[in-house]
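Following: one structure in structure tokens, then a few remarks.
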Amino acid sequence: MCKFRKFTMIGLAVAACAILSVLDVRQAMAHGERTQEPYLRTRATQWFDVSWSKTSVAVNEEMVMEAKVYLMKDWPDAIAKPDLAFVSLVSPGPVFTRTETYLNGKPARQSFKDLELGKVYDYKMIIRGRVPGRWHVHPMLSVHHVGPLVGPGEWIEVTGSADDFVMPLETISGLKIEDLASFNVANVVGWHVVWIGIAAAWLLFWLLRPLLVPRWIVLQKGREDLLVRQIDVVVGAALVVGSLSLATYSYISASNEYPRVVPLQVGQSTAVRIEQPPNDVFVDVKRATYDVPGRAMRITFDATNNGQVPLTLGEFTTASLRFVNRQSANALARVDQAFPQELVPESGLAINDPSPLQPGETRTYEISAVDVVWELERLTSFLTDVDSRFGGLLFFYEDDGKRHLTEIAGPIIPVFTNEDGVAQRQTPLETALIER
Amino acid sequence: MFNNQQVLEAAGFSKDAARYSMFFDIIVVVAVVLLFGGVIALHCQLLAGDWDFFIDWRDRQFWPLIYPIVAIMFPAALAAVFWENFRLPIGATVGATLLVLSVWLMRWGAWHEFANYPFSMITPAQTVTGGLILDGLLLVFRNYLFVGIFGGFLYGFVFYFVNYAPIMPYYLPVEHMGSVASVADMIGYTFPRSTTPEYIRIVERGTLRTFGDTTVWYTAAFSGFICIFTYLIWWHMGLWFAQTTFFANYTKVKSAMGLKD
């Protein structure tokens with residue numbers, strides 16, 4: 001029995017090693033953006049008009065990432081308001097470098113305070129390729145006490161050699177820095193080598209003697225005079241005086257060499273106001289459901305056109321997903337072919353009445369956003385949220401393509417099965433849309 | 001230069017015993033390097049890491065205050081063990097040197113090679129100067145209380161000045177997009193840390209408590225003041241952890257372990 005158990009254990013170990021050796025272990029290329037809680041992605045910020053000027057850059061070559069970000073009025077209660085925010089990007093470490101950043105056209109090297117809910121902000125960042133590879137890059141807004149609020153990502157190829165990367169800079173005093181990545185490193189290493197060298201000499205001064213056991217025995221015998229001699233005390237005193245002298249010299253010489261230095265700069269900026277997109281549509285949510293087996297979000301809402309021209313519902317966007325009314329040419333024209341297509345479901349947006357909403361008209365819309373992407377993007381956990389709400393943006397279009405932006409948000413109800421106890425089917429409208 | 005023969009004779013060691021003792025010493029030295037190199041680096045990383053990780057975090061108030069207070073702990077404990085048991089005034093230097101070597105190793109492997117951060121952003125601080133001063137004063141005073149008062153203070157006080165000198169060029173001013181930044185700020189901005197936004201830095205502001213336009217003199221003095229007590233406390237911690245205590249086996253425990261009385 002014992003032998004059988006031993007062979008079993010050996011067999012299991014060999015099998016485990018064999019399985020592990022053939023498993024395809026891949027490098028994590030993105031950075032877990034889908035793990036971020038859905039309420040953050042659907043109800044805090046809405047990113048749209050996101051663009052990347054290039055999808056392939058050489059080392060040292062610049063590209064531009066631009067976007068618009070809308071801060072939802074239905075901002076989640078669970079997180080802090082955007083009183084302090086930093087405009088940034090998400091990439092796997094510094095594989096790109098930042099050259100310039102702007103929020104509403106204002107330089108954004110530092111943080112911004114007092115961002116307003118219900119407003120659209122212009123995001124722009126110029127970045128340079130640094131480390132060759134294929135990297136997933138997102139625009140991002142970091143909010144104090146909230147964390148990163150991430151926009152859609154695009155794969156960017158960086159070509160060339162990392163050794164060729166340089167980041168030159170010139171100080172106000174006229175010092176030309178050839179490469180920020182290696183600037184002054186030799187000076188720091190040099191000083192560290194000096195101090196470690198002195199420490200090594202001091203340690204050798206003691207380690208080249210009988211060490212632990214003999215010293216302990218001698219100490220127990222009361223012969224401390226053999227262990228610490230007068231000459232040792234003199235060397236010790238010289239070490240203290242020498243260390244303090246060298247420390248003082250290093251500080252004074254560096255101060256003389258660099259008389260004008262500044263402390264770290266942490267001043268915060270206030271974002272300038274920019275013209276907001278028009279919004280002539282008033283929306284009142286009546287009911288919203290998420291059909292779990294059908295992977296469909298269905299929203300019923302009243303919309304009133306308070307403007308002077310007819311408006312066509314063109315798009316529902318949330319968490320960077322774009323459900324586009326494929327009967328609207330103006331809406332389709334806004335979908336850049338370079339935009340990540342996995343974020344633009346083929347099924348589009350099903351609308352009960354896609355005809356233009358006339359000026360002064362109030363209509364009850366029933367829209368459906370049906371796609372497996374709800375699951376793929378891990379967006380269905382509003383079923384487990386304590387407030388069970390959804391959020392997003394509706395885009396209405398005038399005939400000439402002018403876009404109106406309306407926030408839509410409200411409670412959402414999960415639908416697990418229909419009254420017969422089986423999974424709810426697609427509505428005829430949704431089926432027709434998907435088949436088309 | 002050394003009185004090695006006298007020490008061995010006083011210890012009653014034969015030639016062979018001295019040779020075996022040396023092998024034992026080598027084993028202990030290797031063990032100390034590996035164990036304390038890791039432990040001290042981890043300790044500082046957990047308690048004061050952020051202020052030393054990045055060049056654009058090293059402000060004039062918190063970095064020179066917090067880092068030396070944390071970094072003096074293990075050197076004080078090691079100094080107590082080496083001095084009280086072997087009259088070796090090397091504990092603080094051993095701790096401080098192992099710390100800087102371990103952190104360099106970590107910055108090179110984990111931060112530079114693995115995560116692509118440039119060395120200009122992640123060069124570590126060093127506390128070797130303070131360690132040397134502590135050990136030198138221990139040899140002169142032979143009294144941990146005086147070493148704590150004078151050495152502990154100097155350990156905290158000199159930290160900023162010996163570390164600021166090599167990195168002073170990182171505080172040269174630069175004009176970027178219409179505002180002033182230090183080169184350190186520019187390094188932090190240029191090489192992005194996705195989930196480390198700019199506002200998360202804790203940097204002293206205001207000029208109400210300054211001396212010569214900077215708070216750093218007060219900070220260095222206060223750091224030295226706290227280091228006095230930290231040194232004294234950790235000296236005793238070192239002795240407490242280094243003691244050997246034997247307890248009689250409890251009968252029921254022996255029985256539970258299958259051992260007969």
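Letters A, B, ... mark the chains of the structure tokens in the order given; residue numbers begin at 1 per chain; ligand numbers begin at 1, in order shown.
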(request) Please identify every residue of chain A that has at least one atom no more than 6 Å from any atom of chain B, counting only C-alpha atoms, and report them as JSON, numbers by chain. (result) {"A": [90, 94, 97, 98, 111, 171, 172, 181, 182, 183, 185, 188, 209, 214, 215, 216, 217, 218, 233, 236, 237, 239, 240, 247, 250, 251, 254, 261, 262, 265]}
Could you dump the residues just selected with N, CA, C and O atoms as a short mmCIF file (atom, residue, chain, number, x, y, z; two decimals), in the first residue's frame?
```
data_model
loop_
_atom_site.label_atom_id
_atom_site.label_comp_id
_atom_site.auth_asym_id
_atom_site.auth_seq_id
_atom_site.Cartn_x
_atom_site.Cartn_y
_atom_site.Cartn_z
N VAL A 90 -2.40 55.22 -19.83
CA VAL A 90 -2.11 53.89 -19.31
C VAL A 90 -1.28 53.17 -20.35
O VAL A 90 -1.67 53.07 -21.50
N PRO A 94 6.94 52.80 -18.54
CA PRO A 94 7.34 53.92 -19.41
C PRO A 94 7.87 53.45 -20.76
O PRO A 94 9.01 53.76 -21.13
N THR A 97 7.27 57.90 -23.68
CA THR A 97 7.52 59.03 -22.79
C THR A 97 6.52 60.13 -23.12
O THR A 97 6.07 60.24 -24.26
N ARG A 98 6.20 60.92 -22.11
CA ARG A 98 5.29 62.05 -22.30
C ARG A 98 6.10 63.27 -22.72
O ARG A 98 7.11 63.58 -22.10
N SER A 111 -1.35 68.65 -11.71
CA SER A 111 -2.74 68.24 -11.51
C SER A 111 -3.70 69.42 -11.64
O SER A 111 -3.31 70.58 -11.50
N THR A 171 18.18 73.22 -19.28
CA THR A 171 17.74 73.91 -18.07
C THR A 171 17.70 75.41 -18.32
O THR A 171 18.25 75.91 -19.30
N ILE A 172 17.07 76.13 -17.39
CA ILE A 172 16.98 77.59 -17.53
C ILE A 172 18.38 78.21 -17.50
O ILE A 172 18.65 79.21 -18.17
N ALA A 181 17.17 60.21 -19.30
CA ALA A 181 17.14 58.87 -18.69
C ALA A 181 18.44 58.54 -17.97
O ALA A 181 18.44 57.72 -17.04
N SER A 182 19.53 59.13 -18.40
CA SER A 182 20.81 58.78 -17.77
C SER A 182 21.47 59.98 -17.11
O SER A 182 22.59 59.87 -16.60
N PHE A 183 20.78 61.10 -17.08
CA PHE A 183 21.37 62.34 -16.56
C PHE A 183 21.81 62.18 -15.10
O PHE A 183 21.03 61.74 -14.26
N VAL A 185 23.41 60.17 -13.43
CA VAL A 185 23.47 58.86 -12.77
C VAL A 185 24.92 58.55 -12.38
O VAL A 185 25.18 58.03 -11.29
N VAL A 188 25.83 60.18 -9.08
CA VAL A 188 25.25 59.50 -7.91
C VAL A 188 26.01 58.21 -7.64
O VAL A 188 26.40 57.92 -6.50
N ARG A 209 40.36 40.16 11.41
CA ARG A 209 40.81 39.68 12.72
C ARG A 209 40.00 38.43 13.09
O ARG A 209 39.00 38.13 12.45
N PRO A 214 36.29 33.39 18.95
CA PRO A 214 37.41 33.84 19.79
C PRO A 214 37.12 35.14 20.51
O PRO A 214 37.44 35.29 21.70
N ARG A 215 36.49 36.08 19.84
CA ARG A 215 36.21 37.37 20.48
C ARG A 215 35.23 37.19 21.64
O ARG A 215 35.33 37.84 22.67
N TRP A 216 34.25 36.32 21.43
CA TRP A 216 33.26 36.11 22.49
C TRP A 216 33.94 35.52 23.73
O TRP A 216 33.70 35.95 24.87
N ILE A 217 34.83 34.53 23.49
CA ILE A 217 35.51 33.89 24.62
C ILE A 217 36.42 34.91 25.34
O ILE A 217 36.42 34.99 26.57
N VAL A 218 37.15 35.69 24.53
CA VAL A 218 38.05 36.68 25.12
C VAL A 218 37.26 37.70 25.93
O VAL A 218 37.66 38.12 27.02
N VAL A 233 40.59 52.98 18.67
CA VAL A 233 39.78 54.15 19.05
C VAL A 233 40.19 55.36 18.22
O VAL A 233 39.33 56.13 17.75
N GLY A 236 38.71 54.98 14.89
CA GLY A 236 37.28 55.26 14.97
C GLY A 236 36.98 56.74 15.00
O GLY A 236 36.07 57.23 14.31
N ALA A 237 37.78 57.48 15.80
CA ALA A 237 37.57 58.93 15.87
C ALA A 237 37.86 59.58 14.53
O ALA A 237 37.13 60.48 14.07
N LEU A 239 37.52 58.18 11.70
CA LEU A 239 36.41 57.83 10.80
C LEU A 239 35.26 58.81 10.95
O LEU A 239 34.67 59.27 9.96
N VAL A 240 34.92 59.15 12.20
CA VAL A 240 33.82 60.09 12.44
C VAL A 240 34.15 61.46 11.86
O VAL A 240 33.36 62.05 11.11
N ALA A 247 31.16 64.66 4.17
CA ALA A 247 29.75 65.02 3.97
C ALA A 247 29.61 66.53 3.78
O ALA A 247 28.89 67.00 2.89
N SER A 250 31.02 67.53 0.36
CA SER A 250 30.16 67.17 -0.77
C SER A 250 29.00 68.15 -0.91
O SER A 250 28.64 68.57 -2.01
N TYR A 251 28.45 68.55 0.24
CA TYR A 251 27.30 69.46 0.18
C TYR A 251 27.72 70.85 -0.28
O TYR A 251 27.07 71.47 -1.14
N ALA A 254 28.74 70.86 -4.03
CA ALA A 254 27.58 70.77 -4.92
C ALA A 254 26.78 72.07 -4.90
O ALA A 254 26.30 72.54 -5.95
N VAL A 261 18.88 76.25 -7.57
CA VAL A 261 18.03 75.08 -7.72
C VAL A 261 16.63 75.43 -7.21
O VAL A 261 16.46 76.42 -6.49
N VAL A 262 15.67 74.63 -7.61
CA VAL A 262 14.28 74.88 -7.16
C VAL A 262 13.75 73.62 -6.49
O VAL A 262 14.20 72.52 -6.80
N GLN A 265 8.04 70.97 -7.84
CA GLN A 265 6.91 71.86 -8.16
C GLN A 265 5.60 71.08 -8.11
O GLN A 265 5.45 70.07 -8.82
#
```
(message) as a PyMOL selection string, please: every residue in range 78-231 of chain B that DSSP puts in strand (DSSP E or B).
(response) chain B and resi 173-176+179-182+211+214
(request) Fewer than 6 positions away in the same chain doesn't count, so skip those; otherwise give me all residues within 6 Å of range 129-144 of chain A, counting only C-alpha atoms, as JSON, numbers by chain. (result) {"A": [30, 59, 60, 61, 82, 84, 85, 86, 87, 88, 89, 90, 91, 95, 96, 150, 151, 152, 153, 154, 155, 156, 157, 158, 159, 162, 165]}
(request) Could you tell me which of B:Leu99, B:Val81, B:Leu239, B:Leu46 comes closest to Val33 in chain B if we count only C-alpha atoms? (result) B:Leu99
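Within 10 Å of range 268-276 of chain A there are Leu84, Ala85, Phe86, Tyr102, Leu103, Asn104, Gly105, Lys106, Pro107, Ala108, Arg109, Gln110, Ser111, Phe112, Lys113, Asp114, Leu115, Glu116, Gly118, Lys119, Val120, Tyr121, Asp122, His404 and Leu405 of chain A; Glu198 and Tyr199 of chain B, counting only C-alpha atoms and ignoring same-chain residues fewer than 4 positions away.
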Give me, as a short mmCIF file (atom, residue, chain, number, x, y, z; two decimals) with N, CA, C and O atoms, in the first residue's frame, the residues of range 154-360 of chain A that a backbone DSSP run labels alpha helix (DSSP H).
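After the write, out27.cif holds the following:
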```cif
data_model
loop_
_atom_site.label_atom_id
_atom_site.label_comp_id
_atom_site.auth_asym_id
_atom_site.auth_seq_id
_atom_site.Cartn_x
_atom_site.Cartn_y
_atom_site.Cartn_z
N VAL A 185 23.41 60.17 -13.43
CA VAL A 185 23.47 58.86 -12.77
C VAL A 185 24.92 58.55 -12.38
O VAL A 185 25.18 58.03 -11.29
N ALA A 186 25.87 58.88 -13.25
CA ALA A 186 27.28 58.59 -12.95
C ALA A 186 27.73 59.32 -11.68
O ALA A 186 28.50 58.77 -10.89
N ASN A 187 27.24 60.55 -11.49
CA ASN A 187 27.61 61.31 -10.30
C ASN A 187 27.08 60.63 -9.03
O ASN A 187 27.80 60.49 -8.03
N VAL A 188 25.83 60.18 -9.08
CA VAL A 188 25.25 59.50 -7.91
C VAL A 188 26.01 58.21 -7.64
O VAL A 188 26.40 57.92 -6.50
N VAL A 189 26.24 57.43 -8.70
CA VAL A 189 26.96 56.15 -8.52
C VAL A 189 28.36 56.43 -7.96
O VAL A 189 28.83 55.73 -7.06
N GLY A 190 29.00 57.47 -8.48
CA GLY A 190 30.35 57.81 -8.01
C GLY A 190 30.39 58.07 -6.51
O GLY A 190 31.23 57.53 -5.79
N TRP A 191 29.46 58.89 -6.02
CA TRP A 191 29.43 59.18 -4.58
C TRP A 191 29.10 57.93 -3.77
O TRP A 191 29.65 57.72 -2.69
N HIS A 192 28.20 57.11 -4.30
CA HIS A 192 27.86 55.89 -3.56
C HIS A 192 29.08 54.96 -3.49
O HIS A 192 29.32 54.32 -2.46
N VAL A 193 29.82 54.88 -4.58
CA VAL A 193 31.02 54.04 -4.58
C VAL A 193 32.03 54.56 -3.55
O VAL A 193 32.66 53.77 -2.82
N VAL A 194 32.17 55.87 -3.45
CA VAL A 194 33.10 56.45 -2.48
C VAL A 194 32.71 56.04 -1.05
O VAL A 194 33.53 55.54 -0.28
N TRP A 195 31.44 56.20 -0.72
CA TRP A 195 31.00 55.90 0.65
C TRP A 195 31.05 54.40 0.93
O TRP A 195 31.44 53.97 2.02
N ILE A 196 30.64 53.60 -0.07
CA ILE A 196 30.70 52.14 0.14
C ILE A 196 32.16 51.69 0.24
O ILE A 196 32.49 50.77 1.00
N GLY A 197 33.03 52.36 -0.50
CA GLY A 197 34.47 52.05 -0.40
C GLY A 197 35.00 52.32 1.00
O GLY A 197 35.75 51.49 1.56
N ILE A 198 34.62 53.44 1.58
CA ILE A 198 35.05 53.75 2.96
C ILE A 198 34.49 52.70 3.93
O ILE A 198 35.19 52.21 4.82
N ALA A 199 33.21 52.34 3.71
CA ALA A 199 32.59 51.34 4.58
C ALA A 199 33.30 50.00 4.44
O ALA A 199 33.54 49.30 5.44
N ALA A 200 33.66 49.64 3.21
CA ALA A 200 34.35 48.37 2.98
C ALA A 200 35.70 48.36 3.71
O ALA A 200 36.10 47.35 4.32
N ALA A 201 36.40 49.49 3.64
CA ALA A 201 37.70 49.58 4.32
C ALA A 201 37.52 49.43 5.83
O ALA A 201 38.29 48.73 6.50
N TRP A 202 36.50 50.07 6.38
CA TRP A 202 36.21 49.98 7.81
C TRP A 202 35.85 48.54 8.21
O TRP A 202 36.34 48.02 9.23
N LEU A 203 35.04 47.90 7.40
CA LEU A 203 34.64 46.52 7.72
C LEU A 203 35.85 45.58 7.63
O LEU A 203 36.02 44.71 8.48
N LEU A 204 36.67 45.76 6.60
CA LEU A 204 37.85 44.91 6.47
C LEU A 204 38.79 45.10 7.65
O LEU A 204 39.44 44.15 8.11
N PHE A 205 38.87 46.32 8.15
CA PHE A 205 39.70 46.64 9.30
C PHE A 205 39.34 45.74 10.49
O PHE A 205 40.19 45.41 11.32
N TRP A 206 38.09 45.35 10.55
CA TRP A 206 37.65 44.49 11.66
C TRP A 206 37.50 43.04 11.24
O TRP A 206 37.74 42.14 12.05
N LEU A 207 37.12 42.80 10.02
CA LEU A 207 36.86 41.41 9.60
C LEU A 207 38.14 40.62 9.39
O LEU A 207 38.11 39.39 9.32
N LEU A 212 34.08 35.84 15.53
CA LEU A 212 32.99 35.63 16.49
C LEU A 212 33.39 34.83 17.73
O LEU A 212 33.38 35.36 18.85
N VAL A 213 33.70 33.56 17.55
CA VAL A 213 33.90 32.69 18.72
C VAL A 213 35.10 33.15 19.57
O VAL A 213 34.96 33.32 20.79
N PRO A 214 36.29 33.39 18.95
CA PRO A 214 37.41 33.84 19.79
C PRO A 214 37.12 35.14 20.51
O PRO A 214 37.44 35.29 21.70
N ARG A 215 36.49 36.08 19.84
CA ARG A 215 36.21 37.37 20.48
C ARG A 215 35.23 37.19 21.64
O ARG A 215 35.33 37.84 22.67
N TRP A 216 34.25 36.32 21.43
CA TRP A 216 33.26 36.11 22.49
C TRP A 216 33.94 35.52 23.73
O TRP A 216 33.70 35.95 24.87
N ILE A 217 34.83 34.53 23.49
CA ILE A 217 35.51 33.89 24.62
C ILE A 217 36.42 34.91 25.34
O ILE A 217 36.42 34.99 26.57
N VAL A 218 37.15 35.69 24.53
CA VAL A 218 38.05 36.68 25.12
C VAL A 218 37.26 37.70 25.93
O VAL A 218 37.66 38.12 27.02
N LEU A 219 36.11 38.07 25.43
CA LEU A 219 35.27 39.05 26.13
C LEU A 219 34.77 38.47 27.45
O LEU A 219 34.73 39.15 28.49
N GLN A 220 34.40 37.17 27.43
CA GLN A 220 33.94 36.52 28.66
C GLN A 220 35.06 36.45 29.69
O GLN A 220 34.82 36.45 30.91
N GLU A 224 38.92 42.70 27.35
CA GLU A 224 38.41 43.63 26.33
C GLU A 224 39.55 44.45 25.73
O GLU A 224 39.48 44.89 24.59
N ASP A 225 40.61 44.64 26.53
CA ASP A 225 41.73 45.45 26.05
C ASP A 225 42.36 44.84 24.80
O ASP A 225 42.95 45.56 23.98
N LEU A 226 42.23 43.51 24.64
CA LEU A 226 42.79 42.87 23.45
C LEU A 226 41.89 43.10 22.22
O LEU A 226 42.35 43.05 21.08
N LEU A 227 40.62 43.30 22.49
CA LEU A 227 39.66 43.40 21.37
C LEU A 227 39.56 44.83 20.85
O LEU A 227 39.34 45.04 19.65
N GLN A 230 43.87 51.01 21.78
CA GLN A 230 43.88 52.47 21.68
C GLN A 230 43.93 52.92 20.23
O GLN A 230 43.26 53.88 19.84
N ILE A 231 44.70 52.20 19.43
CA ILE A 231 44.83 52.57 18.01
C ILE A 231 43.48 52.43 17.30
O ILE A 231 43.14 53.22 16.41
N ASP A 232 42.67 51.45 17.73
CA ASP A 232 41.34 51.27 17.14
C ASP A 232 40.46 52.48 17.44
O ASP A 232 39.70 52.93 16.58
N VAL A 233 40.59 52.98 18.67
CA VAL A 233 39.78 54.15 19.05
C VAL A 233 40.19 55.36 18.22
O VAL A 233 39.33 56.13 17.75
N VAL A 234 41.48 55.50 18.00
CA VAL A 234 41.95 56.63 17.18
C VAL A 234 41.40 56.51 15.75
O VAL A 234 40.93 57.49 15.17
N VAL A 235 41.46 55.30 15.22
CA VAL A 235 40.92 55.08 13.85
C VAL A 235 39.42 55.40 13.84
O VAL A 235 38.91 56.01 12.90
N GLY A 236 38.71 54.98 14.89
CA GLY A 236 37.28 55.26 14.97
C GLY A 236 36.98 56.74 15.00
O GLY A 236 36.07 57.23 14.31
N ALA A 237 37.78 57.48 15.80
CA ALA A 237 37.57 58.93 15.87
C ALA A 237 37.86 59.58 14.53
O ALA A 237 37.13 60.48 14.07
N ALA A 238 38.91 59.08 13.87
CA ALA A 238 39.25 59.62 12.54
C ALA A 238 38.13 59.34 11.55
O ALA A 238 37.83 60.17 10.67
N LEU A 239 37.52 58.18 11.70
CA LEU A 239 36.41 57.83 10.80
C LEU A 239 35.26 58.81 10.95
O LEU A 239 34.67 59.27 9.96
N VAL A 240 34.92 59.15 12.20
CA VAL A 240 33.82 60.09 12.44
C VAL A 240 34.15 61.46 11.86
O VAL A 240 33.36 62.05 11.11
N VAL A 241 35.36 61.95 12.19
CA VAL A 241 35.75 63.27 11.70
C VAL A 241 35.83 63.28 10.18
O VAL A 241 35.33 64.20 9.50
N GLY A 242 36.42 62.22 9.62
CA GLY A 242 36.54 62.15 8.16
C GLY A 242 35.18 62.09 7.48
O GLY A 242 34.96 62.74 6.45
N SER A 243 34.27 61.31 8.03
CA SER A 243 32.93 61.18 7.41
C SER A 243 32.20 62.52 7.43
O SER A 243 31.59 62.92 6.42
N LEU A 244 32.25 63.19 8.58
CA LEU A 244 31.57 64.48 8.67
C LEU A 244 32.21 65.50 7.73
O LEU A 244 31.51 66.30 7.10
N SER A 245 33.54 65.45 7.63
CA SER A 245 34.23 66.39 6.74
C SER A 245 33.85 66.14 5.28
O SER A 245 33.57 67.08 4.52
N LEU A 246 33.85 64.87 4.89
CA LEU A 246 33.51 64.55 3.50
C LEU A 246 32.06 64.91 3.19
O LEU A 246 31.75 65.42 2.12
N ALA A 247 31.16 64.66 4.17
CA ALA A 247 29.75 65.02 3.97
C ALA A 247 29.61 66.53 3.78
O ALA A 247 28.89 67.00 2.89
N THR A 248 30.32 67.28 4.62
CA THR A 248 30.24 68.74 4.50
C THR A 248 30.83 69.21 3.18
O THR A 248 30.24 70.06 2.48
N TYR A 249 31.96 68.62 2.80
CA TYR A 249 32.58 69.00 1.52
C TYR A 249 31.63 68.72 0.35
O TYR A 249 31.47 69.56 -0.55
N SER A 250 31.02 67.53 0.36
CA SER A 250 30.16 67.17 -0.77
C SER A 250 29.00 68.15 -0.91
O SER A 250 28.64 68.57 -2.01
N TYR A 251 28.45 68.55 0.24
CA TYR A 251 27.30 69.46 0.18
C TYR A 251 27.72 70.85 -0.28
O TYR A 251 27.07 71.47 -1.14
N ILE A 252 28.83 71.34 0.28
CA ILE A 252 29.26 72.70 -0.08
C ILE A 252 29.71 72.76 -1.54
O ILE A 252 29.36 73.69 -2.27
N SER A 253 30.44 71.74 -1.98
CA SER A 253 30.91 71.78 -3.38
C SER A 253 29.74 71.70 -4.35
O SER A 253 29.71 72.40 -5.37
N ALA A 254 28.74 70.86 -4.03
CA ALA A 254 27.58 70.77 -4.92
C ALA A 254 26.78 72.07 -4.90
O ALA A 254 26.30 72.54 -5.95
N SER A 255 26.68 72.71 -3.72
CA SER A 255 25.95 73.98 -3.63
C SER A 255 26.65 75.07 -4.44
O SER A 255 26.00 75.90 -5.07
N ASN A 256 27.98 75.05 -4.41
CA ASN A 256 28.72 76.04 -5.20
C ASN A 256 28.58 75.78 -6.69
O ASN A 256 28.52 76.70 -7.51
N GLU A 257 28.53 74.50 -7.05
CA GLU A 257 28.43 74.17 -8.48
C GLU A 257 27.03 74.45 -9.02
O GLU A 257 26.88 74.83 -10.18
N ALA A 329 -26.52 57.91 -41.16
CA ALA A 329 -25.26 58.15 -41.87
C ALA A 329 -24.34 59.07 -41.05
O ALA A 329 -23.12 58.88 -41.03
N ASN A 330 -24.95 60.04 -40.39
CA ASN A 330 -24.13 60.96 -39.58
C ASN A 330 -23.45 60.22 -38.42
O ASN A 330 -22.29 60.50 -38.09
N ALA A 331 -24.18 59.27 -37.82
CA ALA A 331 -23.58 58.52 -36.72
C ALA A 331 -22.47 57.62 -37.23
O ALA A 331 -21.40 57.52 -36.62
N LEU A 332 -22.72 56.96 -38.36
CA LEU A 332 -21.69 56.06 -38.92
C LEU A 332 -20.44 56.85 -39.33
O LEU A 332 -19.33 56.35 -39.22
N ALA A 333 -20.67 58.08 -39.81
CA ALA A 333 -19.53 58.89 -40.24
C ALA A 333 -18.60 59.23 -39.08
O ALA A 333 -17.43 59.53 -39.28
#
```
Can you tell me which residues surround Trp75 in chain A at a distance of at most 6 Å, considering only C-alpha atoms, apart from same-chain residues fewer than 2 positions away, and format the answer as an mmCIF file with C-alpha atoms, in the first residue's frame?
```cif
data_model
loop_
_atom_site.group_PDB
_atom_site.id
_atom_site.type_symbol
_atom_site.label_atom_id
_atom_site.label_comp_id
_atom_site.auth_asym_id
_atom_site.auth_seq_id
_atom_site.Cartn_x
_atom_site.Cartn_y
_atom_site.Cartn_z
ATOM 1 C CA ARG A 43 -21.075 56.137 -14.520
ATOM 2 C CA ALA A 44 -18.006 58.277 -13.822
ATOM 3 C CA MET A 72 -21.209 62.230 -15.588
ATOM 4 C CA LYS A 73 -23.657 64.256 -13.524
#
```
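Reported to one decimal place, the separation of CA of Pro354 in chain A from CA of Glu398 in chain A is 13.2 Å.
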(request) Within 7 Å of range 369-380 of chain A, counting only C-alpha atoms, which residues show up once you throw out same-chain ones fewer than 4 positions away? Write them as JSON, numbers by chain, please. (result) {"A": [34, 38, 295, 296, 297, 298, 323, 345, 347, 348, 349, 350]}
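Between CA of Ala409 in chain A and CA of Trp47 in chain A the interatomic distance comes to 15.6 Å.
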(message) Quick one: residues within 12 Å of range 240-243 of chain B, only C-alpha atoms, excluding same-chain residues fewer than 3 positions away - as a ChimeraX atom specification?
(response) /B:74,77-85,233-237,246
